[in-house]
file target04.json (JSON, C-alpha atoms)
[["chain", "number", "residue", "atom", "x", "y", "z"],
["A", 145, "MET", "CA", -155.27, -71.39, -104.58],
["A", 146, "ASP", "CA", -152.41, -70.88, -102.15],
["A", 147, "SER", "CA", -149.16, -71.11, -104.09],
["A", 148, "ASP", "CA", -147.30, -72.71, -101.21],
["A", 149, "LYS", "CA", -149.74, -75.63, -101.02],
["A", 150, "ILE", "CA", -149.36, -78.91, -102.88],
["A", 151, "LEU", "CA", -152.14, -79.87, -105.29],
["A", 152, "LEU", "CA", -153.51, -83.19, -104.06],
["A", 153, "ASP", "CA", -152.40, -86.20, -106.09],
["A", 154, "TRP", "CA", -154.69, -88.84, -104.60],
["A", 155, "ASP", "CA", -152.72, -91.73, -106.15],
["A", 156, "ALA", "CA", -149.45, -90.46, -104.71],
["A", 157, "LEU", "CA", -150.80, -89.66, -101.24],
["A", 158, "GLN", "CA", -149.12, -91.94, -98.71],
["A", 159, "VAL", "CA", -151.18, -93.68, -96.04],
["A", 160, "GLY", "CA", -149.30, -93.10, -92.80],
["A", 161, "GLU", "CA", -148.15, -89.60, -93.70],
["A", 162, "THR", "CA", -148.01, -87.78, -90.38],
["A", 163, "PHE", "CA", -148.38, -84.04, -90.31],
["A", 164, "GLU", "CA", -146.58, -81.39, -88.32],
["A", 165, "LYS", "CA", -148.11, -81.15, -84.84],
["A", 166, "TYR", "CA", -150.83, -78.54, -84.44],
["A", 167, "GLU", "CA", -151.16, -76.63, -81.18],
["A", 168, "TYR", "CA", -153.80, -74.24, -79.92],
["A", 169, "VAL", "CA", -155.11, -72.93, -76.63],
["A", 170, "LEU", "CA", -158.73, -73.82, -75.95],
["A", 171, "THR", "CA", -160.37, -70.66, -74.62],
["A", 172, "GLN", "CA", -163.55, -70.31, -72.60],
["A", 173, "ASP", "CA", -164.98, -68.26, -75.49],
["A", 174, "MET", "CA", -164.44, -71.25, -77.79],
["A", 175, "VAL", "CA", -166.20, -73.53, -75.33],
["A", 176, "ASP", "CA", -169.11, -71.09, -74.94],
["A", 177, "GLY", "CA", -169.49, -70.63, -78.72],
["A", 178, "PHE", "CA", -169.44, -74.37, -79.27],
["A", 179, "ARG", "CA", -172.07, -74.97, -76.62],
["A", 180, "GLU", "CA", -174.31, -72.28, -78.12],
["A", 181, "GLY", "CA", -173.88, -73.80, -81.57],
["A", 182, "VAL", "CA", -174.82, -77.31, -80.49],
["A", 183, "MET", "CA", -177.49, -76.08, -78.07],
["A", 184, "ASP", "CA", -176.05, -78.08, -75.19],
["A", 185, "ALA", "CA", -174.78, -76.26, -72.08],
["A", 186, "GLU", "CA", -172.91, -79.37, -70.96],
["A", 187, "ALA", "CA", -171.24, -80.27, -74.26],
["A", 188, "SER", "CA", -167.83, -81.49, -73.16],
["A", 189, "PHE", "CA", -165.76, -81.86, -76.34],
["A", 190, "PRO", "CA", -165.55, -78.48, -78.12],
["A", 191, "THR", "CA", -162.48, -79.90, -79.83],
["A", 192, "ILE", "CA", -164.88, -81.40, -82.39],
["A", 193, "SER", "CA", -165.53, -78.08, -84.10],
["A", 194, "HIS", "CA", -161.79, -77.47, -84.55],
["A", 195, "LYS", "CA", -161.66, -80.24, -87.18],
["A", 196, "VAL", "CA", -158.10, -80.95, -86.12],
["A", 197, "ASP", "CA", -157.81, -84.16, -88.10],
["A", 198, "VAL", "CA", -157.97, -82.27, -91.40],
["A", 199, "LYS", "CA", -156.43, -78.95, -90.35],
["A", 200, "GLN", "CA", -152.84, -79.88, -91.13],
["A", 201, "TYR", "CA", -153.88, -81.71, -94.29],
["A", 202, "ASN", "CA", -155.59, -78.53, -95.46],
["A", 203, "LYS", "CA", -152.52, -76.51, -94.55],
["A", 204, "LYS", "CA", -150.31, -78.68, -96.74],
["A", 205, "TYR", "CA", -152.59, -79.70, -99.60],
["A", 206, "THR", "CA", -155.09, -78.00, -101.84],
["A", 207, "ASP", "CA", -157.93, -79.85, -103.57],
["A", 208, "ASN", "CA", -161.50, -79.33, -104.79],
["A", 209, "GLY", "CA", -162.89, -79.43, -101.27],
["A", 210, "SER", "CA", -164.48, -82.29, -99.44],
["A", 211, "VAL", "CA", -167.57, -83.66, -97.78],
["A", 212, "ASN", "CA", -167.56, -85.52, -94.50],
["A", 213, "ALA", "CA", -168.88, -89.00, -95.28],
["A", 214, "ARG", "CA", -168.19, -90.68, -91.97],
["A", 215, "CYS", "CA", -166.76, -89.60, -88.65],
["A", 216, "ALA", "CA", -165.85, -91.44, -85.46],
["A", 217, "PHE", "CA", -164.98, -89.88, -82.12],
["A", 218, "HIS", "CA", -163.45, -91.41, -78.99],
["A", 219, "CYS", "CA", -163.87, -89.54, -75.69],
["A", 220, "TYR", "CA", -161.08, -89.87, -73.12],
["A", 221, "ASN", "CA", -161.12, -86.72, -70.99],
["A", 222, "ALA", "CA", -162.98, -83.44, -71.46],
["A", 223, "PRO", "CA", -160.52, -80.64, -72.31],
["A", 224, "VAL", "CA", -159.89, -77.88, -69.80],
["A", 225, "PRO", "CA", -160.26, -74.26, -71.01],
["A", 226, "GLY", "CA", -157.02, -72.31, -70.82],
["A", 227, "ARG", "CA", -154.79, -75.27, -71.54],
["A", 228, "LYS", "CA", -152.78, -75.78, -74.71],
["A", 229, "ILE", "CA", -153.88, -78.73, -76.82],
["A", 230, "ILE", "CA", -151.39, -80.60, -78.98],
["A", 231, "VAL", "CA", -152.71, -82.55, -81.96],
["A", 232, "THR", "CA", -151.01, -85.28, -83.95],
["A", 233, "ALA", "CA", -152.78, -86.09, -87.22],
["A", 234, "TRP", "CA", -152.04, -88.48, -90.04],
["A", 235, "ILE", "CA", -153.45, -90.06, -93.18],
["A", 236, "ALA", "CA", -155.00, -93.27, -91.86],
["A", 237, "ASP", "CA", -156.33, -94.67, -95.13],
["A", 238, "LYS", "CA", -157.56, -93.86, -98.63],
["A", 239, "TYR", "CA", -159.98, -95.80, -100.78],
["A", 240, "LEU", "CA", -161.96, -95.72, -103.99],
["A", 241, "ARG", "CA", -165.66, -96.55, -103.77],
["A", 242, "ARG", "CA", -168.13, -96.36, -106.66],
["A", 243, "GLY", "CA", -165.59, -94.35, -108.61],
["A", 244, "LYS", "CA", -165.18, -91.75, -105.90],
["A", 245, "ASN", "CA", -162.06, -90.97, -103.91],
["A", 246, "TYR", "CA", -162.01, -90.93, -100.13],
["A", 247, "ILE", "CA", -159.28, -89.96, -97.67],
["A", 248, "VAL", "CA", -159.35, -91.06, -94.02],
["A", 249, "THR", "CA", -157.62, -88.78, -91.55],
["A", 250, "GLU", "CA", -157.06, -89.53, -87.90],
["A", 251, "ALA", "CA", -155.96, -87.31, -85.03],
["A", 252, "VAL", "CA", -155.22, -87.65, -81.35],
["A", 253, "SER", "CA", -155.34, -84.66, -79.01],
["A", 254, "VAL", "CA", -153.53, -84.36, -75.69],
["A", 255, "ASP", "CA", -153.22, -81.29, -73.50],
["A", 256, "GLU", "CA", -150.11, -79.59, -72.13],
["A", 257, "THR", "CA", -150.20, -81.80, -69.01],
["A", 258, "GLY", "CA", -150.19, -84.95, -71.14],
["A", 259, "MET", "CA", -153.86, -85.69, -70.50],
["A", 260, "LEU", "CA", -155.39, -87.63, -73.39],
["A", 261, "ILE", "CA", -158.43, -85.74, -74.73],
["A", 262, "ASP", "CA", -159.90, -87.48, -77.75],
["A", 263, "ARG", "CA", -159.35, -89.30, -81.03],
["A", 264, "VAL", "CA", -161.18, -88.48, -84.23],
["A", 265, "ILE", "CA", -161.29, -90.41, -87.51],
["A", 266, "THR", "CA", -162.89, -88.84, -90.57],
["A", 267, "HIS", "CA", -163.67, -90.20, -94.03],
["A", 268, "GLU", "CA", -163.79, -87.37, -96.53],
["A", 269, "LEU", "CA", -165.23, -87.66, -100.03],
["A", 270, "LYS", "CA", -162.96, -85.63, -102.26],
["A", 271, "GLN", "CA", -165.63, -84.92, -104.90],
["A", 272, "PRO", "CA", -167.91, -82.60, -102.89],
["A", 273, "SER", "CA", -170.06, -81.66, -105.90],
["A", 274, "GLU", "CA", -171.56, -85.15, -105.63],
["A", 275, "VAL", "CA", -173.70, -83.78, -102.78],
["A", 276, "GLY", "CA", -175.51, -81.33, -105.05],
["A", 277, "LYS", "CA", -175.84, -83.90, -107.86],
["A", 278, "LYS", "CA", -177.40, -86.47, -105.54],
["A", 279, "TRP", "CA", -179.51, -84.45, -103.15],
["A", 280, "GLU", "CA", -180.35, -81.08, -104.60],
["A", 281, "GLY", "CA", -184.10, -80.54, -104.76],
["A", 282, "LYS", "CA", -184.90, -83.53, -102.57],
["B", 176, "MET", "CA", -174.90, -86.94, -59.02],
["B", 177, "GLY", "CA", -174.41, -90.25, -57.25],
["B", 178, "ARG", "CA", -173.32, -93.38, -58.99],
["B", 179, "GLU", "CA", -176.30, -95.21, -60.47],
["B", 180, "ILE", "CA", -176.25, -99.01, -60.63],
["B", 181, "ARG", "CA", -178.00, -100.05, -63.84],
["B", 182, "THR", "CA", -178.67, -102.95, -66.12],
["B", 183, "PHE", "CA", -178.48, -102.75, -69.91],
["B", 184, "ASN", "CA", -180.72, -104.94, -72.04],
["B", 185, "ILE", "CA", -180.40, -105.71, -75.73],
["B", 186, "GLY", "CA", -183.29, -104.16, -77.66],
["B", 187, "GLU", "CA", -183.87, -101.41, -75.11],
["B", 188, "GLU", "CA", -184.50, -98.00, -76.68],
["B", 189, "ILE", "CA", -182.63, -95.07, -75.20],
["B", 190, "PRO", "CA", -184.18, -91.57, -74.87],
["B", 191, "THR", "CA", -184.23, -89.67, -78.16],
["B", 192, "LEU", "CA", -182.75, -86.23, -78.78],
["B", 193, "THR", "CA", -184.16, -83.65, -81.22],
["B", 194, "LYS", "CA", -182.32, -80.60, -82.52],
["B", 195, "ASN", "CA", -183.75, -77.77, -84.58],
["B", 196, "MET", "CA", -181.08, -76.58, -86.96],
["B", 197, "THR", "CA", -180.62, -72.90, -87.64],
["B", 198, "GLN", "CA", -178.03, -71.00, -89.65],
["B", 199, "ASP", "CA", -177.13, -69.15, -86.47],
["B", 200, "ALA", "CA", -176.34, -72.44, -84.70],
["B", 201, "ILE", "CA", -174.23, -73.55, -87.66],
["B", 202, "ASN", "CA", -172.38, -70.22, -87.69],
["B", 203, "ARG", "CA", -171.67, -70.45, -83.96],
["B", 204, "PHE", "CA", -170.41, -74.02, -84.28],
["B", 205, "GLU", "CA", -168.10, -73.11, -87.16],
["B", 206, "GLY", "CA", -166.95, -69.89, -85.48],
["B", 207, "SER", "CA", -166.17, -71.57, -82.18],
["B", 208, "SER", "CA", -162.86, -72.83, -83.55],
["B", 209, "GLY", "CA", -161.76, -69.29, -84.35],
["B", 210, "GLU", "CA", -162.26, -69.80, -88.10],
["B", 211, "SER", "CA", -164.19, -66.92, -89.63],
["B", 212, "GLY", "CA", -163.83, -67.37, -93.39],
["B", 213, "PRO", "CA", -166.76, -68.32, -95.64],
["B", 214, "SER", "CA", -167.37, -72.02, -96.07],
["B", 215, "GLN", "CA", -169.99, -74.39, -97.44],
["B", 216, "PHE", "CA", -171.48, -74.32, -93.95],
["B", 217, "THR", "CA", -171.79, -70.57, -93.54],
["B", 218, "ASP", "CA", -171.98, -69.05, -97.00],
["B", 219, "GLU", "CA", -174.56, -69.85, -99.71],
["B", 220, "GLU", "CA", -172.30, -68.91, -102.60],
["B", 221, "THR", "CA", -169.49, -71.12, -101.32],
["B", 222, "ALA", "CA", -171.96, -73.98, -100.85],
["B", 223, "LYS", "CA", -173.17, -73.54, -104.45],
["B", 224, "GLY", "CA", -169.62, -73.52, -105.74],
["B", 225, "VAL", "CA", -168.25, -76.44, -103.71],
["B", 226, "LEU", "CA", -171.25, -78.68, -103.18],
["B", 227, "GLY", "CA", -173.60, -77.62, -105.95],
["B", 228, "THR", "CA", -176.39, -77.09, -103.42],
["B", 229, "SER", "CA", -178.75, -74.12, -103.35],
["B", 230, "GLY", "CA", -177.90, -73.33, -99.75],
["B", 231, "THR", "CA", -175.65, -74.10, -96.85],
["B", 232, "VAL", "CA", -175.50, -77.42, -95.04],
["B", 233, "ALA", "CA", -174.50, -78.32, -91.50],
["B", 234, "SER", "CA", -171.19, -80.04, -90.87],
["B", 235, "GLY", "CA", -171.49, -83.75, -90.17],
["B", 236, "ARG", "CA", -169.55, -82.97, -87.03],
["B", 237, "MET", "CA", -172.64, -81.23, -85.65],
["B", 238, "SER", "CA", -174.60, -84.47, -86.05],
["B", 239, "LEU", "CA", -171.70, -86.27, -84.44],
["B", 240, "THR", "CA", -171.89, -83.90, -81.47],
["B", 241, "PHE", "CA", -175.65, -84.44, -81.13],
["B", 242, "ALA", "CA", -175.17, -88.21, -81.09],
["B", 243, "ILE", "CA", -172.53, -87.75, -78.40],
["B", 244, "GLU", "CA", -175.01, -85.66, -76.37],
["B", 245, "MET", "CA", -177.67, -88.37, -76.61],
["B", 246, "LEU", "CA", -175.19, -91.00, -75.47],
["B", 247, "ARG", "CA", -173.72, -88.81, -72.70],
["B", 248, "ARG", "CA", -177.21, -88.20, -71.31],
["B", 249, "TYR", "CA", -177.92, -91.93, -71.40],
["B", 250, "PHE", "CA", -174.69, -93.27, -69.94],
["B", 251, "GLY", "CA", -173.92, -90.21, -67.80],
["B", 252, "PRO", "CA", -170.88, -87.96, -68.24],
["B", 253, "ASP", "CA", -168.82, -89.88, -65.66],
["B", 254, "VAL", "CA", -168.91, -92.89, -67.97],
["B", 255, "TYR", "CA", -169.35, -91.52, -71.47],
["B", 256, "ASN", "CA", -166.85, -88.63, -71.33],
["B", 257, "HIS", "CA", -164.06, -91.09, -70.45],
["B", 258, "ARG", "CA", -165.06, -94.32, -72.17],
["B", 259, "GLY", "CA", -167.45, -93.33, -74.93],
["B", 260, "THR", "CA", -167.25, -93.63, -78.69],
["B", 261, "VAL", "CA", -169.46, -92.80, -81.63],
["B", 262, "ASP", "CA", -169.13, -93.61, -85.33],
["B", 263, "LEU", "CA", -171.61, -92.10, -87.83],
["B", 264, "ARG", "CA", -172.05, -92.32, -91.59],
["B", 265, "PHE", "CA", -173.71, -89.26, -93.07],
["B", 266, "LEU", "CA", -176.36, -90.17, -95.63],
["B", 267, "ARG", "CA", -178.19, -86.93, -96.40],
["B", 268, "PRO", "CA", -177.39, -83.25, -95.94],
["B", 269, "VAL", "CA", -178.73, -81.50, -92.85],
["B", 270, "ARG", "CA", -179.83, -77.97, -93.65],
["B", 271, "PRO", "CA", -180.93, -74.90, -91.68],
["B", 272, "GLY", "CA", -184.62, -75.35, -90.82],
["B", 273, "ASP", "CA", -184.34, -79.11, -90.43],
["B", 274, "SER", "CA", -185.42, -80.83, -87.24],
["B", 275, "ILE", "CA", -183.20, -83.84, -86.60],
["B", 276, "THR", "CA", -184.11, -86.60, -84.16],
["B", 277, "PHE", "CA", -181.49, -89.02, -82.88],
["B", 278, "SER", "CA", -182.59, -92.39, -81.60],
["B", 279, "GLY", "CA", -180.75, -95.43, -80.32],
["B", 280, "VAL", "CA", -181.30, -99.08, -79.48],
["B", 281, "ILE", "CA", -178.98, -101.28, -77.45],
["B", 282, "ALA", "CA", -177.49, -103.75, -79.93],
["B", 283, "SER", "CA", -175.11, -105.71, -77.72],
["B", 284, "VAL", "CA", -173.72, -105.96, -74.21],
["B", 285, "ASN", "CA", -170.39, -107.73, -73.79],
["B", 286, "ARG", "CA", -168.33, -108.25, -70.67],
["B", 287, "GLU", "CA", -164.79, -106.98, -70.78],
["B", 288, "ALA", "CA", -162.00, -106.98, -68.24],
["B", 289, "ASN", "CA", -162.91, -103.54, -66.91],
["B", 290, "GLY", "CA", -166.69, -103.55, -67.30],
["B", 291, "SER", "CA", -169.33, -104.12, -69.95],
["B", 292, "ARG", "CA", -169.21, -102.69, -73.45],
["B", 293, "VAL", "CA", -172.70, -101.50, -74.32],
["B", 294, "GLN", "CA", -173.13, -100.87, -78.03],
["B", 295, "ILE", "CA", -175.99, -98.81, -79.40],
["B", 296, "ASP", "CA", -177.28, -98.59, -82.97],
["B", 297, "ILE", "CA", -177.98, -94.95, -83.81],
["B", 298, "THR", "CA", -180.27, -93.44, -86.42],
["B", 299, "ALA", "CA", -180.82, -89.77, -87.19],
["B", 300, "THR", "CA", -183.92, -88.73, -89.12],
["B", 301, "ASN", "CA", -185.18, -85.37, -90.34],
["B", 302, "GLN", "CA", -188.69, -83.93, -90.11],
["B", 303, "LYS", "CA", -189.63, -85.69, -93.36],
["B", 304, "GLY", "CA", -188.70, -89.07, -91.92],
["B", 305, "ASP", "CA", -185.59, -89.34, -94.10],
["B", 306, "THR", "CA", -182.53, -90.90, -92.50],
["B", 307, "THR", "CA", -179.67, -88.41, -92.37],
["B", 308, "ALA", "CA", -177.11, -90.54, -90.52],
["B", 309, "VAL", "CA", -176.65, -94.02, -89.12],
["B", 310, "GLY", "CA", -173.98, -95.58, -86.98],
["B", 311, "GLN", "CA", -173.00, -96.95, -83.63],
["B", 312, "GLY", "CA", -172.14, -95.58, -80.27],
["B", 313, "ALA", "CA", -170.66, -97.43, -77.33],
["B", 314, "ALA", "CA", -169.36, -97.04, -73.82],
["B", 315, "VAL", "CA", -167.51, -99.36, -71.52],
["B", 316, "VAL", "CA", -169.56, -99.17, -68.32],
["B", 317, "PRO", "CA", -167.25, -99.85, -65.34],
["B", 318, "ASN", "CA", -168.08, -102.77, -63.07],
["B", 319, "ALA", "CA", -168.77, -100.33, -60.24],
["B", 320, "TYR", "CA", -171.80, -99.06, -62.22],
["B", 321, "LEU", "CA", -173.18, -102.57, -62.86],
["B", 322, "PRO", "CA", -175.18, -104.88, -60.58],
["B", 323, "GLU", "CA", -173.22, -107.59, -58.81],
["B", 324, "GLU", "CA", -173.24, -110.86, -60.73]]
call {"tool": "encode", "arguments": {"input": "target04.json", "output": "structure tokens"}}
result
Amino acid sequence: MDSDKILLDWDALQVGETFEKYEYVLTQDMVDGFREGVMDAEASFPTISHKVDVKQYNKKYTDNGSVNARCAFHCYNAPVPGRKIIVTAWIADKYLRRGKNYIVTEAVSVDETGMLIDRVITHELKQPSEVGKKWEGK
Amino acid sequence: MGREIRTFNIGEEIPTLTKNMTQDAINRFEGSSGESGPSQFTDEETAKGVLGTSGTVASGRMSLTFAIEMLRRYFGPDVYNHRGTVDLRFLRPVRPGDSITFSGVIASVNREANGSRVQIDITATNQKGDTTAVGQGAAVVPNAYLPEE
């Protein structure tokens, strides 16, 4: 466990908490690797694999891990390799369902020219061991 | 590719998309962000520890990307890459060796100020016939791509 991270207190987590902006340069190698991974030479949104909506959460908080329960993606403009991408992410919601805790993160990406790239919204189950309990052996 | 004028009818099935999952594909997807550490997606021991599964699983974001591909092929990149959305709930793990087929049916077509919003119900099933994800996709098709009323 990283000592500089905060142990998640789900009850205390504030919906609306906005994280420090995250910036990265999308390289052609990243695009190529993504396209190989998804077996689609025309895949236009390699930003998906960067998981930018949870990156800053994971930088700040530590927890028992998570499982992606639901994910939504809005396409605005395909990113251009070589440009810097700036991401703003926040806690959009949290909820308790069937005794399990979920956190909803949301992020919007724009590039260095101000072009809107995409928006991603992810619901993460914060008890990842539920996957093995429910599905192992099936 | 020239602009294609099309109609969209409720109940119409869109072309399916099938993907054969491999650990190599998962590793490439995860590595494409520059992250190289072990995870539940790339390392069996980590998957056992975090998820309690006997092996790795694919990120739901890979399924999300496949659904986007199916919709992009259907609507065309000129439309979908600028006005497309997808929203999936992940119901079962997708593992290396699985063959996942994405299918879609037009659920609604509604006029909006700048075109028609075409919404599609999406289902993903594995080679056993089990549903791995369900959800919706949509695109606002500009008036210029629709027949004159």
call {"tool": "residues_around", "arguments": {"input": "target04.json", "residues": "segment 194-198 of chain B", "least_positions_apart": "4", "cutoff": "10 Å", "atoms": "all atoms listed in the file", "output": "list of chain:residue names"}}
result
A:Gly181, A:Val182, A:Met183, A:Asp184, B:Asn202, B:Arg203, B:Phe204, B:Phe216, B:Thr217, B:Asp218, B:Thr231, B:Val232, B:Ala233, B:Met237, B:Ser238, B:Phe241, B:Val269, B:Arg270, B:Pro271, B:Gly272, B:Asp273, B:Ser274, B:Ile275, B:Thr276, B:Phe277, B:Asn301, B:Gln302
call {"tool": "closest_residue", "arguments": {"input": "target04.json", "among": "B:Arg286, B:Leu321, B:Ser207, B:Val280", "to": "Glu188 of chain B", "atoms": "all atoms listed in the file"}}
result
B:Val280
call {"tool": "closest_residue", "arguments": {"input": "target04.json", "among": "B:Val225, B:Ala282, B:Val254, B:Ala313", "to": "chain A", "atoms": "all atoms listed in the file"}}
result
B:Val225
call {"tool": "interface_residues", "arguments": {"input": "target04.json", "of": "chain A", "to": "chain B", "cutoff": "7 Å", "atoms": "all atoms listed in the file", "output": "short mmCIF file (atom, residue, chain, number, x, y, z; two decimals) with C-alpha atoms, keeping the file's coordinate frame"}}
result
data_model
loop_
_atom_site.label_atom_id
_atom_site.label_comp_id
_atom_site.auth_asym_id
_atom_site.auth_seq_id
_atom_site.Cartn_x
_atom_site.Cartn_y
_atom_site.Cartn_z
CA MET A 174 -164.44 -71.25 -77.79
CA GLY A 177 -169.49 -70.63 -78.72
CA PHE A 178 -169.44 -74.37 -79.27
CA GLU A 180 -174.31 -72.28 -78.12
CA GLY A 181 -173.88 -73.80 -81.57
CA VAL A 182 -174.82 -77.31 -80.49
CA ALA A 187 -171.24 -80.27 -74.26
CA ILE A 192 -164.88 -81.40 -82.39
CA SER A 193 -165.53 -78.08 -84.10
CA HIS A 194 -161.79 -77.47 -84.55
CA GLY A 209 -162.89 -79.43 -101.27
CA ASN A 212 -167.56 -85.52 -94.50
CA ALA A 213 -168.88 -89.00 -95.28
CA ARG A 214 -168.19 -90.68 -91.97
CA CYS A 215 -166.76 -89.60 -88.65
CA ALA A 216 -165.85 -91.44 -85.46
CA PHE A 217 -164.98 -89.88 -82.12
CA HIS A 218 -163.45 -91.41 -78.99
CA CYS A 219 -163.87 -89.54 -75.69
CA TYR A 220 -161.08 -89.87 -73.12
CA ASN A 221 -161.12 -86.72 -70.99
CA ALA A 222 -162.98 -83.44 -71.46
CA PRO A 272 -167.91 -82.60 -102.89
CA SER A 273 -170.06 -81.66 -105.90
CA GLU A 274 -171.56 -85.15 -105.63
CA VAL A 275 -173.70 -83.78 -102.78
CA GLY A 276 -175.51 -81.33 -105.05
CA LYS A 277 -175.84 -83.90 -107.86
CA GLU A 280 -180.35 -81.08 -104.60
#
call {"tool": "atom_distance", "arguments": {"input": "target04.json", "atom1": "atom CA of Phe189 of chain A", "atom2": "atom CA of Pro223 of chain A"}}
result
6.7 Å
call {"tool": "residues_around", "arguments": {"input": "target04.json", "residues": "Tyr246 of chain A", "least_positions_apart": "3", "cutoff": "10 Å", "atoms": "only C-alpha atoms", "output": "PDB file with C-alpha atoms, in the frame of the given file"}}
result
ATOM      1  CA  TRP A 154    -154.690 -88.840-104.600  1.00  0.00           C
ATOM      2  CA  SER A 210    -164.480 -82.290 -99.440  1.00  0.00           C
ATOM      3  CA  VAL A 211    -167.570 -83.660 -97.780  1.00  0.00           C
ATOM      4  CA  ASN A 212    -167.560 -85.520 -94.500  1.00  0.00           C
ATOM      5  CA  ALA A 213    -168.880 -89.000 -95.280  1.00  0.00           C
ATOM      6  CA  ASP A 237    -156.330 -94.670 -95.130  1.00  0.00           C
ATOM      7  CA  LYS A 238    -157.560 -93.860 -98.630  1.00  0.00           C
ATOM      8  CA  TYR A 239    -159.980 -95.800-100.780  1.00  0.00           C
ATOM      9  CA  LEU A 240    -161.960 -95.720-103.990  1.00  0.00           C
ATOM     10  CA  ARG A 241    -165.660 -96.550-103.770  1.00  0.00           C
ATOM     11  CA  GLY A 243    -165.590 -94.350-108.610  1.00  0.00           C
ATOM     12  CA  THR A 249    -157.620 -88.780 -91.550  1.00  0.00           C
ATOM     13  CA  THR A 266    -162.890 -88.840 -90.570  1.00  0.00           C
ATOM     14  CA  HIS A 267    -163.670 -90.200 -94.030  1.00  0.00           C
ATOM     15  CA  GLU A 268    -163.790 -87.370 -96.530  1.00  0.00           C
ATOM     16  CA  LEU A 269    -165.230 -87.660-100.030  1.00  0.00           C
ATOM     17  CA  LYS A 270    -162.960 -85.630-102.260  1.00  0.00           C
ATOM     18  CA  GLN A 271    -165.630 -84.920-104.900  1.00  0.00           C
TER      19      GLN A 271
END
call {"tool": "atom_distance", "arguments": {"input": "target04.json", "atom1": "atom CA of Asp148 of chain A", "atom2": "atom CA of Val254 of chain A"}}
result
28.7 Å
call {"tool": "atom_distance", "arguments": {"input": "target04.json", "atom1": "atom CA of Ala288 of chain B", "atom2": "atom CA of Glu187 of chain B"}}
result
23.6 Å
call {"tool": "decode", "arguments": {"input": "target04.json", "residues": "segment 190-234 of chain B", "atoms": "C-alpha atoms", "output": "JSON list (two decimals), in the first residue's frame"}}
result
[["chain", "number", "residue", "atom", "x", "y", "z"],
["B", 190, "PRO", "CA", -24.70, -6.48, -38.39],
["B", 191, "THR", "CA", -23.12, -8.47, -35.55],
["B", 192, "LEU", "CA", -19.47, -8.38, -34.51],
["B", 193, "THR", "CA", -17.53, -11.34, -33.08],
["B", 194, "LYS", "CA", -14.22, -11.13, -31.25],
["B", 195, "ASN", "CA", -12.01, -14.01, -30.18],
["B", 196, "MET", "CA", -10.36, -13.07, -26.93],
["B", 197, "THR", "CA", -6.73, -13.95, -26.30],
["B", 198, "GLN", "CA", -4.39, -13.11, -23.45],
["B", 199, "ASP", "CA", -2.14, -11.43, -25.99],
["B", 200, "ALA", "CA", -4.97, -9.10, -27.07],
["B", 201, "ILE", "CA", -5.72, -8.30, -23.43],
["B", 202, "ASN", "CA", -2.04, -7.60, -22.75],
["B", 203, "ARG", "CA", -1.80, -5.29, -25.76],
["B", 204, "PHE", "CA", -4.94, -3.41, -24.74],
["B", 205, "GLU", "CA", -3.67, -2.93, -21.19],
["B", 206, "GLY", "CA", -0.16, -2.06, -22.34],
["B", 207, "SER", "CA", -1.33, 0.51, -24.87],
["B", 208, "SER", "CA", -1.78, 3.08, -22.12],
["B", 209, "GLY", "CA", 1.85, 2.75, -21.09],
["B", 210, "GLU", "CA", 0.95, 0.80, -17.93],
["B", 211, "SER", "CA", 3.12, -2.28, -17.56],
["B", 212, "GLY", "CA", 2.50, -3.51, -14.00],
["B", 213, "PRO", "CA", 0.66, -6.76, -13.24],
["B", 214, "SER", "CA", -3.10, -6.50, -12.93],
["B", 215, "GLN", "CA", -6.15, -8.72, -12.76],
["B", 216, "PHE", "CA", -6.21, -8.49, -16.54],
["B", 217, "THR", "CA", -2.65, -9.56, -17.23],
["B", 218, "ASP", "CA", -1.50, -11.65, -14.29],
["B", 219, "GLU", "CA", -3.13, -14.84, -12.97],
["B", 220, "GLU", "CA", -1.85, -14.42, -9.43],
["B", 221, "THR", "CA", -3.16, -10.87, -9.22],
["B", 222, "ALA", "CA", -6.52, -12.02, -10.59],
["B", 223, "LYS", "CA", -6.67, -14.76, -7.93],
["B", 224, "GLY", "CA", -5.84, -12.27, -5.20],
["B", 225, "VAL", "CA", -8.14, -9.44, -6.26],
["B", 226, "LEU", "CA", -11.04, -11.20, -7.96],
["B", 227, "GLY", "CA", -10.83, -14.71, -6.57],
["B", 228, "THR", "CA", -10.85, -16.13, -10.09],
["B", 229, "SER", "CA", -8.60, -18.91, -11.35],
["B", 230, "GLY", "CA", -7.34, -16.81, -14.23],
["B", 231, "THR", "CA", -7.29, -13.41, -15.80],
["B", 232, "VAL", "CA", -10.31, -11.61, -17.19],
["B", 233, "ALA", "CA", -10.66, -8.95, -19.87],
["B", 234, "SER", "CA", -11.43, -5.39, -18.88]]
